[in-house]
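Worksheet: the structure to be examined is printed underneath.
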Amino acid sequence: CEYHGCFDIAAKKDVLLLLKTLLNVDGFQKEQAKNLKIISSNLDAHPFLIGMQTNREKLHPGIVYERFETPTVSLKTFEDLICNSIFPRIYRDRGGLYVEIDSEILKDSRRKKGLTQRELAEAVGINKKVIYVHEKKQLRMLLEIAERIEQILNKKIIQPAKIFKKYEEHGFPKDHLEMDVGKNLEKLGFQIDFVKQAPLDIFAKEKALIISDI
């Protein structure tokens with residue numbers, strides 16, 4: 001289905017995808033992202049921003065460029081994901097290229113190699129704290145560091161990017177009419193939420209989900 005607003009295409013097969021398409025993804029606005037997350041949260045959907053370029057560069061295949069926490073990819077990356085189940089691995093951020101790593105595999109592989117955190121860090125050429133922090137928490141790591149660690153440990157620690165996200169985002173009524181409709185629905189036992197820039201204004205959940213334009 002095609003719409004206009006915070007998303008352009010709704011596509012459903014095994015899951016529901018809400019897609020926003022822009023030639024330049026830097027044109028994606030914070031308010032659009034917020035409303036897209038509200039809709040995704042209420043419909044158990046996954047949002048994607050698909051584009052061709054940023055203000056500085058073309059979008060490269062296999063890389064996720066996030067905009068306001070919304071997974072942002074090139075058409076080629078999206079095609080590989082949907083048609084061939086090829087997940088991108090790399091995130092583009094201001095500091096460079098990053099990847100998700102498996103903290104448990106990192107820790108177990110280091111121990112099996114008989115290396116301390118300090119010894120591994122020295123072999124990679126980084127501070128010991130980097131190894132300590134990444135073994136303790138699931139954090140993104142610079143691509144070049146992760147690849148050096150994989151070479152030293154002879155073990156894959158890089159994971160596919162986590163792009164099928166879940167959101168907990170909520171909105172507010174834009175005027176007194178929406179507010180009054182929401183209050184009446186709440187009196188009837190509905191849980192309600194509001195959204196803008198979409199083909200609907202309000203979500204109401206009881207035994208079933210009602211979406212309505214006001």
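Note on naming: chains are A, B, ... as they come in the structure tokens, residues start from 1 per chain, ligands start from 1 in the order shown.
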Inset, instruction - Can you pull out every residue within 7 Å of range 27-34 of chain A, counting only C-alpha atoms, but drop anything in the same chain fewer than 6 positions away, and send it as an MDAnalysis selection string? - result: chainID A and resid 6 68 70
Legend entry - DSSP helix (DSSP H, G or I) selection over range 2-214 of chain A, as a PyMOL selection string: chain A and resi 25-27+30-43+75-84+103-112+117-124+128-136+143-153+176-187
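Comparing the minimum interatomic distances between Gly95 in chain A and each of A:Arg140, A:Tyr3, A:Lys58, A:Ala198, counting only C-alpha atoms, we find that A:Arg140 sits nearest.
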Legend entry - Separation of CA of Leu19 in chain A from CA of Phe7 in chain A, in Å and rounded to one decimal: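 Between CA of Leu19 in chain A and CA of Phe7 in chain A the gap works out to 5.5 Å.
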Inset, instruction - Have a look at CA of Ala208 in chain A and CA of Gly182 in chain A and let me know their distance in Å, one decimal. - result: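 Between CA of Ala208 in chain A and CA of Gly182 in chain A the gap works out to 15.9 Å.
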Inset, instruction - Identify, on the basis of only C-alpha atoms, every residue whose closest approach to Leu75 in chain A does not exceed 9 Å; exclude the query and any residue fewer than 3 positions from it along the same chain; express the result as number ranges by chain. - result: A: 50-52, 59, 61, 78-80
